[in-house]
Amino acid sequence: LLSQNRMKPEDFEASMAKDLLDGKLRQFLLTFMPITDQEVLDYYSHSNEKIKISYVQFKPENYKKSITPDQASLETFFKERREGYRVPEKIKLAYLLIDPDTFEDKVEIKDREIEDYYEYNMDTFLQPKEVKARHILFKLNQGAGEAEEKKVKEKATKVLEEARKGNDFAALAKKYSEGPTKSEGGDLGYFTAGRMVKPFEDTAFQMKKGEISDLVRTRFGYHIIKVEDVKEARTKALDEVRDQISKALLKTGSAELAHEYALSLIDQMPYDADLAKYVAERELKIKYTGDFSQDQRIPGIGGDDKLRQSLFSLRKGETSELLELEGKFYIFQVSDRKESYLPEMAEVTDKLKDDYIAYRSAEEAKTAAESYLTALKEGKAWDELAGEK
């Protein structure tokens with residue numbers, strides 16, 4: 001994990017130490033910080049205060065059609081903002097991709113390896129307890145008054161009595177439930193701990209197959225729960241997970257072979273080798289990216305800021321170390337580098353026109369808004385002026 005994030009162990013430890021220190025400092029400060037009743041009231045008032053506004057918009061795009069840029073205006077606009085049109089430094093990469101998938105046919109997985117993997121990773125094959133249930137929901141907000149709560153509870157109690165008399169639970173759910181699973185007869189399928197709200201979950205996981213609960217109150221309202229099946233927690237048998245383990249070992253094994261092969265290529269490569277020729281001599285396929293700047297994704301590859309930063313630090317013709325990205329291995333070489341430069345106006349004509357129109361339309365919108373505001377301040381009625389404009 002540290003390797004993938006290009007972190008040293010001491011950097012990780014320093015980050016963790018800072019987080020722990022921040023937590024202790026926050027706890028220390030809050031321990032000695034009294035909260036007054038007035039502060040509680042102010043916070044409550046601020047959180048619950050509401051306003052209603054009316055407003056008018058002056059959108060720049062509504063003024064674009066009226067703007068026709070002339071050559072002189074464009075030239076002036078370009079001269080004032082020429083630095084903003086600077087073309088950034090760009091590089092082009094030649095690279096060799098070593099994909100672990102191409103080494104899968106060279107990986108041999110023995111039964112003993114599968115058994116060892118199973119024993120060492122048994123915790124990962126633990127199947128948590130699962131409950132299959134249906135429910136009938138009677139919606140009720142948490143802040144509901146006593147009268148409303150009594151009414152909903154009485155209705156739920158009557159339906160509970162019907163369910164316990166042996167009436168079809170799914171049919172009752174379709175008729176009475178107010179939850180999203182109503183059309184499926186309240187069917188929630190199998191779920192593990194942590195999937196449902198706590199009062200619901202606590203009740204369901206204490207019940208036996210075929211049982212119907214008492215009324216259960218959650219933030220959604222009152223529930224009637226029927227447990228249809230229970231799968232107790234267990235560890236999956238080796239035969240159940242053999243294919244899963246084989247795939248994991250195959251992925252690990254092919255990655256190791258690919259890594260070893262990639263390292264051998266790096267070790268045998270002369271310092272100033274041309275990557276394309278070196279690759280061709282070994283009947284491998286070289287690939288190329290398009291030109292890209294440091295703030296752009298590497299074409300066809302992606303990568304993060306740190307990767308681009310490290311590649312831009314290479315000189316033309318210089319080769320990178322072996323790099324891993326999303327489980328694949330790469331060797332990069334800078335095949336071309338284009339320095340940053342200030343373009344001539346003709347090179348950016350289309351963008352320049354768009355920028356000029358956007359700038360002028362924003363100015364027009366602002367002018368119209370200021371005129372509107374002036375009219376309001378002079379006594380023009382809000383509704384009347386809005387109607388005119």
# chains A, B, ... in the order shown; residues from 1 in each chain; ligands from 1
call {"tool": "residues_around", "arguments": {"residues": "stretch 255-265 of chain A", "least_positions_apart": "6", "cutoff": "7 Å", "atoms": "only C-alpha atoms", "output": "ChimeraX atom specification"}}
result
/A:98-100,103
call {"tool": "write_last_selection", "arguments": {"atoms": "C-alpha atoms", "output": "compact mmCIF listing (two decimals), in the first residue's frame"}}
result
# COMPACT_ATOMS: atom_id res chain seq x y z
CA ILE A 98 3.98 -5.60 -19.14
CA ASP A 99 0.52 -6.98 -18.38
CA PRO A 100 0.32 -9.76 -15.74
CA PHE A 103 1.59 -14.55 -17.84
call {"tool": "select_by_dssp", "arguments": {"residues": "stretch 94-151 of chain A", "states": "helix (DSSP H, G or I)", "output": "ChimeraX atom specification"}}
result
/A:100-106,111-120,122-125,146-151
call {"tool": "write_last_selection", "arguments": {"atoms": "C-alpha atoms", "output": "CSV table (one decimal), in the first residue's frame"}}
result
chain,number,residue,atom,x,y,z
A,100,PRO,CA,0.3,-9.8,-15.7
A,101,ASP,CA,-2.7,-11.2,-17.6
A,102,THR,CA,-0.3,-12.4,-20.4
A,103,PHE,CA,1.6,-14.6,-17.8
A,104,GLU,CA,-1.4,-16.5,-16.5
A,105,ASP,CA,-0.7,-19.6,-18.7
A,106,LYS,CA,2.8,-19.8,-17.1
A,111,ASP,CA,-3.4,-28.2,-4.3
A,112,ARG,CA,-1.0,-27.6,-1.3
A,113,GLU,CA,-0.8,-23.9,-2.2
A,114,ILE,CA,-4.6,-23.7,-2.2
A,115,GLU,CA,-4.8,-25.4,1.2
A,116,ASP,CA,-2.1,-23.2,2.7
A,117,TYR,CA,-3.9,-20.1,1.4
A,118,TYR,CA,-7.2,-21.3,2.9
A,119,GLU,CA,-5.6,-21.9,6.3
A,120,TYR,CA,-3.7,-18.6,6.4
A,122,MET,CA,-9.6,-18.4,7.0
A,123,ASP,CA,-11.0,-15.2,8.5
A,124,THR,CA,-11.8,-13.9,5.0
A,125,PHE,CA,-14.0,-16.9,4.4
A,146,GLU,CA,-49.1,11.9,20.7
A,147,ALA,CA,-52.4,11.8,18.9
A,148,GLU,CA,-50.8,10.9,15.6
A,149,GLU,CA,-48.6,8.3,17.1
A,150,LYS,CA,-51.5,6.7,18.9
A,151,LYS,CA,-53.5,6.5,15.7
call {"tool": "residues_around", "arguments": {"residues": "A:Ile298", "least_positions_apart": "5", "cutoff": "8 Å", "atoms": "only C-alpha atoms", "output": "compact mmCIF listing (two decimals) with C-alpha atoms, in the first residue's frame"}}
result
# COMPACT_ATOMS: atom_id res chain seq x y z
CA THR A 289 1.11 8.42 -25.98
CA PHE A 292 0.16 15.98 -22.97
CA GLY A 303 -2.28 8.07 -13.73
CA ARG A 308 3.00 12.88 -14.18
call {"tool": "select_by_dssp", "arguments": {"residues": "stretch 240-327 of chain A", "states": "strand (DSSP E)", "output": "PyMOL selection string"}}
result
chain A and resi 287-288+292-293+323-325
call {"tool": "atom_distance", "arguments": {"atom1": "atom CA of A:Glu130", "atom2": "atom CA of A:Thr157"}}
result
27.3 Å
call {"tool": "residues_around", "arguments": {"residues": "A:Glu228", "least_positions_apart": "6", "cutoff": "10 Å", "atoms": "only C-alpha atoms", "output": "PDB file with all heavy atoms, in the first residue's frame"}}
result
ATOM      1  N   VAL A 131     -30.168 -13.017   7.882  1.00  0.00           N
ATOM      2  CA  VAL A 131     -31.590 -13.175   8.180  1.00  0.00           C
ATOM      3  C   VAL A 131     -32.395 -12.796   6.940  1.00  0.00           C
ATOM      4  O   VAL A 131     -32.108 -11.781   6.301  1.00  0.00           O
ATOM      5  CB  VAL A 131     -32.007 -12.296   9.372  1.00  0.00           C
ATOM      6  CG1 VAL A 131     -33.530 -12.302   9.537  1.00  0.00           C
ATOM      7  CG2 VAL A 131     -31.337 -12.775  10.652  1.00  0.00           C
ATOM      8  N   LYS A 132     -33.375 -13.635   6.614  1.00  0.00           N
ATOM      9  CA  LYS A 132     -34.298 -13.311   5.517  1.00  0.00           C
ATOM     10  C   LYS A 132     -35.629 -12.928   6.146  1.00  0.00           C
ATOM     11  O   LYS A 132     -36.188 -13.691   6.941  1.00  0.00           O
ATOM     12  CB  LYS A 132     -34.482 -14.510   4.585  1.00  0.00           C
ATOM     13  CG  LYS A 132     -35.331 -14.224   3.354  1.00  0.00           C
ATOM     14  CD  LYS A 132     -35.394 -15.450   2.447  1.00  0.00           C
ATOM     15  CE  LYS A 132     -36.047 -15.138   1.111  1.00  0.00           C
ATOM     16  NZ  LYS A 132     -37.470 -14.769   1.234  1.00  0.00           N
ATOM     17  N   ALA A 133     -36.112 -11.734   5.811  1.00  0.00           N
ATOM     18  CA  ALA A 133     -37.313 -11.247   6.493  1.00  0.00           C
ATOM     19  C   ALA A 133     -38.213 -10.448   5.561  1.00  0.00           C
ATOM     20  O   ALA A 133     -37.784  -9.979   4.512  1.00  0.00           O
ATOM     21  CB  ALA A 133     -36.908 -10.384   7.690  1.00  0.00           C
ATOM     22  N   ARG A 134     -39.462 -10.350   5.987  1.00  0.00           N
ATOM     23  CA  ARG A 134     -40.434  -9.425   5.399  1.00  0.00           C
ATOM     24  C   ARG A 134     -40.853  -8.450   6.490  1.00  0.00           C
ATOM     25  O   ARG A 134     -40.724  -8.741   7.684  1.00  0.00           O
ATOM     26  CB  ARG A 134     -41.670 -10.173   4.881  1.00  0.00           C
ATOM     27  CG  ARG A 134     -41.425 -11.087   3.709  1.00  0.00           C
ATOM     28  CD  ARG A 134     -42.708 -11.778   3.260  1.00  0.00           C
ATOM     29  NE  ARG A 134     -42.454 -12.739   2.204  1.00  0.00           N
ATOM     30  CZ  ARG A 134     -42.476 -12.453   0.897  1.00  0.00           C
ATOM     31  NH1 ARG A 134     -42.786 -11.212   0.513  1.00  0.00           N
ATOM     32  NH2 ARG A 134     -42.227 -13.383   0.003  1.00  0.00           N
ATOM     33  N   ASP A 187     -40.847  -7.947   1.138  1.00  0.00           N
ATOM     34  CA  ASP A 187     -39.671  -8.827   1.113  1.00  0.00           C
ATOM     35  C   ASP A 187     -38.376  -8.022   1.139  1.00  0.00           C
ATOM     36  O   ASP A 187     -38.120  -7.192   0.266  1.00  0.00           O
ATOM     37  CB  ASP A 187     -39.716  -9.695  -0.145  1.00  0.00           C
ATOM     38  CG  ASP A 187     -38.621 -10.752  -0.151  1.00  0.00           C
ATOM     39  OD1 ASP A 187     -37.973 -10.932   0.888  1.00  0.00           O
ATOM     40  OD2 ASP A 187     -38.424 -11.384  -1.202  1.00  0.00           O
ATOM     41  N   GLY A 189     -35.372  -9.761   1.530  1.00  0.00           N
ATOM     42  CA  GLY A 189     -34.322 -10.694   1.165  1.00  0.00           C
ATOM     43  C   GLY A 189     -33.425 -11.008   2.357  1.00  0.00           C
ATOM     44  O   GLY A 189     -33.783 -10.765   3.513  1.00  0.00           O
ATOM     45  N   TYR A 190     -32.254 -11.552   2.073  1.00  0.00           N
ATOM     46  CA  TYR A 190     -31.278 -11.836   3.134  1.00  0.00           C
ATOM     47  C   TYR A 190     -30.477 -10.575   3.426  1.00  0.00           C
ATOM     48  O   TYR A 190     -30.100  -9.838   2.515  1.00  0.00           O
ATOM     49  CB  TYR A 190     -30.325 -12.954   2.708  1.00  0.00           C
ATOM     50  CG  TYR A 190     -30.940 -14.337   2.742  1.00  0.00           C
ATOM     51  CD1 TYR A 190     -31.458 -14.921   1.595  1.00  0.00           C
ATOM     52  CD2 TYR A 190     -30.992 -15.059   3.936  1.00  0.00           C
ATOM     53  CE1 TYR A 190     -32.022 -16.192   1.630  1.00  0.00           C
ATOM     54  CE2 TYR A 190     -31.540 -16.325   3.981  1.00  0.00           C
ATOM     55  CZ  TYR A 190     -32.064 -16.892   2.826  1.00  0.00           C
ATOM     56  OH  TYR A 190     -32.616 -18.143   2.867  1.00  0.00           O
ATOM     57  N   MET A 207     -34.724 -13.109  16.512  1.00  0.00           N
ATOM     58  CA  MET A 207     -35.886 -13.946  16.223  1.00  0.00           C
ATOM     59  C   MET A 207     -35.490 -15.273  15.571  1.00  0.00           C
ATOM     60  O   MET A 207     -34.402 -15.418  15.019  1.00  0.00           O
ATOM     61  CB  MET A 207     -36.846 -13.179  15.297  1.00  0.00           C
ATOM     62  CG  MET A 207     -37.448 -11.936  15.944  1.00  0.00           C
ATOM     63  SD  MET A 207     -38.315 -10.855  14.748  1.00  0.00           S
ATOM     64  CE  MET A 207     -39.616 -11.960  14.169  1.00  0.00           C
ATOM     65  N   LYS A 208     -36.420 -16.216  15.638  1.00  0.00           N
ATOM     66  CA  LYS A 208     -36.232 -17.517  15.014  1.00  0.00           C
ATOM     67  C   LYS A 208     -37.031 -17.573  13.718  1.00  0.00           C
ATOM     68  O   LYS A 208     -37.934 -16.760  13.491  1.00  0.00           O
ATOM     69  CB  LYS A 208     -36.687 -18.638  15.948  1.00  0.00           C
ATOM     70  CG  LYS A 208     -35.878 -18.725  17.237  1.00  0.00           C
ATOM     71  CD  LYS A 208     -36.425 -19.810  18.154  1.00  0.00           C
ATOM     72  CE  LYS A 208     -35.634 -19.887  19.453  1.00  0.00           C
ATOM     73  NZ  LYS A 208     -36.174 -20.896  20.385  1.00  0.00           N
ATOM     74  N   LYS A 209     -36.708 -18.546  12.902  1.00  0.00           N
ATOM     75  CA  LYS A 209     -37.415 -18.737  11.641  1.00  0.00           C
ATOM     76  C   LYS A 209     -38.911 -18.928  11.888  1.00  0.00           C
ATOM     77  O   LYS A 209     -39.311 -19.718  12.739  1.00  0.00           O
ATOM     78  CB  LYS A 209     -36.838 -19.950  10.910  1.00  0.00           C
ATOM     79  CG  LYS A 209     -37.500 -20.235   9.574  1.00  0.00           C
ATOM     80  CD  LYS A 209     -36.837 -21.425   8.898  1.00  0.00           C
ATOM     81  CE  LYS A 209     -37.528 -21.752   7.576  1.00  0.00           C
ATOM     82  NZ  LYS A 209     -36.876 -22.902   6.878  1.00  0.00           N
ATOM     83  N   GLY A 210     -39.732 -18.155  11.161  1.00  0.00           N
ATOM     84  CA  GLY A 210     -41.184 -18.266  11.258  1.00  0.00           C
ATOM     85  C   GLY A 210     -41.812 -17.343  12.281  1.00  0.00           C
ATOM     86  O   GLY A 210     -43.043 -17.199  12.312  1.00  0.00           O
ATOM     87  N   GLU A 211     -41.006 -16.673  13.128  1.00  0.00           N
ATOM     88  CA  GLU A 211     -41.550 -15.795  14.169  1.00  0.00           C
ATOM     89  C   GLU A 211     -41.996 -14.457  13.600  1.00  0.00           C
ATOM     90  O   GLU A 211     -41.441 -13.960  12.612  1.00  0.00           O
ATOM     91  CB  GLU A 211     -40.508 -15.554  15.262  1.00  0.00           C
ATOM     92  CG  GLU A 211     -40.351 -16.704  16.240  1.00  0.00           C
ATOM     93  CD  GLU A 211     -39.459 -16.341  17.410  1.00  0.00           C
ATOM     94  OE1 GLU A 211     -38.609 -15.436  17.264  1.00  0.00           O
ATOM     95  OE2 GLU A 211     -39.624 -16.961  18.471  1.00  0.00           O
ATOM     96  N   ILE A 212     -42.993 -13.874  14.272  1.00  0.00           N
ATOM     97  CA  ILE A 212     -43.469 -12.527  13.949  1.00  0.00           C
ATOM     98  C   ILE A 212     -43.207 -11.651  15.165  1.00  0.00           C
ATOM     99  O   ILE A 212     -43.523 -12.029  16.297  1.00  0.00           O
ATOM    100  CB  ILE A 212     -44.965 -12.534  13.589  1.00  0.00           C
ATOM    101  CG1 ILE A 212     -45.209 -13.348  12.313  1.00  0.00           C
ATOM    102  CG2 ILE A 212     -45.486 -11.112  13.417  1.00  0.00           C
ATOM    103  CD1 ILE A 212     -46.662 -13.518  11.947  1.00  0.00           C
TER     104      ILE A 212
END
call {"tool": "residues_around", "arguments": {"residues": "A:Phe169", "least_positions_apart": "6", "cutoff": "10 Å", "atoms": "only C-alpha atoms", "output": "PyMOL selection string"}}
result
chain A and resi 134-136+159-160+162-163+175+185-186+212+224-226
call {"tool": "write_last_selection", "arguments": {"atoms": "N, CA and C atoms", "output": "JSON list (two decimals), in the first residue's frame"}}
result
[["chain", "number", "residue", "atom", "x", "y", "z"],
["A", 134, "ARG", "N", -39.46, -10.35, 5.99],
["A", 134, "ARG", "CA", -40.43, -9.43, 5.40],
["A", 134, "ARG", "C", -40.85, -8.45, 6.49],
["A", 135, "HIS", "N", -41.36, -7.28, 6.07],
["A", 135, "HIS", "CA", -41.87, -6.36, 7.09],
["A", 135, "HIS", "C", -43.03, -5.55, 6.54],
["A", 136, "ILE", "N", -43.82, -5.05, 7.48],
["A", 136, "ILE", "CA", -44.91, -4.14, 7.15],
["A", 136, "ILE", "C", -44.59, -2.83, 7.87],
["A", 159, "VAL", "N", -53.24, -4.81, 12.51],
["A", 159, "VAL", "CA", -52.62, -5.63, 11.45],
["A", 159, "VAL", "C", -51.75, -6.72, 12.06],
["A", 160, "LEU", "N", -51.07, -6.41, 13.17],
["A", 160, "LEU", "CA", -50.25, -7.42, 13.86],
["A", 160, "LEU", "C", -51.12, -8.58, 14.33],
["A", 162, "GLU", "N", -53.88, -9.58, 12.94],
["A", 162, "GLU", "CA", -54.23, -10.36, 11.76],
["A", 162, "GLU", "C", -53.09, -11.30, 11.36],
["A", 163, "ALA", "N", -51.86, -10.78, 11.43],
["A", 163, "ALA", "CA", -50.70, -11.59, 11.05],
["A", 163, "ALA", "C", -50.54, -12.77, 11.98],
["A", 175, "LYS", "N", -51.11, -4.96, 1.25],
["A", 175, "LYS", "CA", -52.31, -4.18, 1.53],
["A", 175, "LYS", "C", -52.03, -2.98, 2.44],
["A", 185, "GLY", "N", -44.51, -7.52, -1.28],
["A", 185, "GLY", "CA", -44.99, -8.16, -0.06],
["A", 185, "GLY", "C", -44.08, -7.93, 1.13],
["A", 186, "GLY", "N", -43.36, -6.81, 1.11],
["A", 186, "GLY", "CA", -42.46, -6.47, 2.22],
["A", 186, "GLY", "C", -41.18, -7.26, 2.25],
["A", 212, "ILE", "N", -42.99, -13.87, 14.27],
["A", 212, "ILE", "CA", -43.47, -12.53, 13.95],
["A", 212, "ILE", "C", -43.21, -11.65, 15.16],
["A", 224, "ILE", "N", -43.71, -4.30, 11.55],
["A", 224, "ILE", "CA", -43.99, -5.69, 11.96],
["A", 224, "ILE", "C", -43.06, -6.54, 11.13],
["A", 225, "ILE", "N", -42.28, -7.37, 11.78],
["A", 225, "ILE", "CA", -41.25, -8.16, 11.09],
["A", 225, "ILE", "C", -41.60, -9.65, 11.15],
["A", 226, "LYS", "N", -41.43, -10.30, 10.03],
["A", 226, "LYS", "CA", -41.54, -11.77, 10.00],
["A", 226, "LYS", "C", -40.24, -12.34, 9.45]]
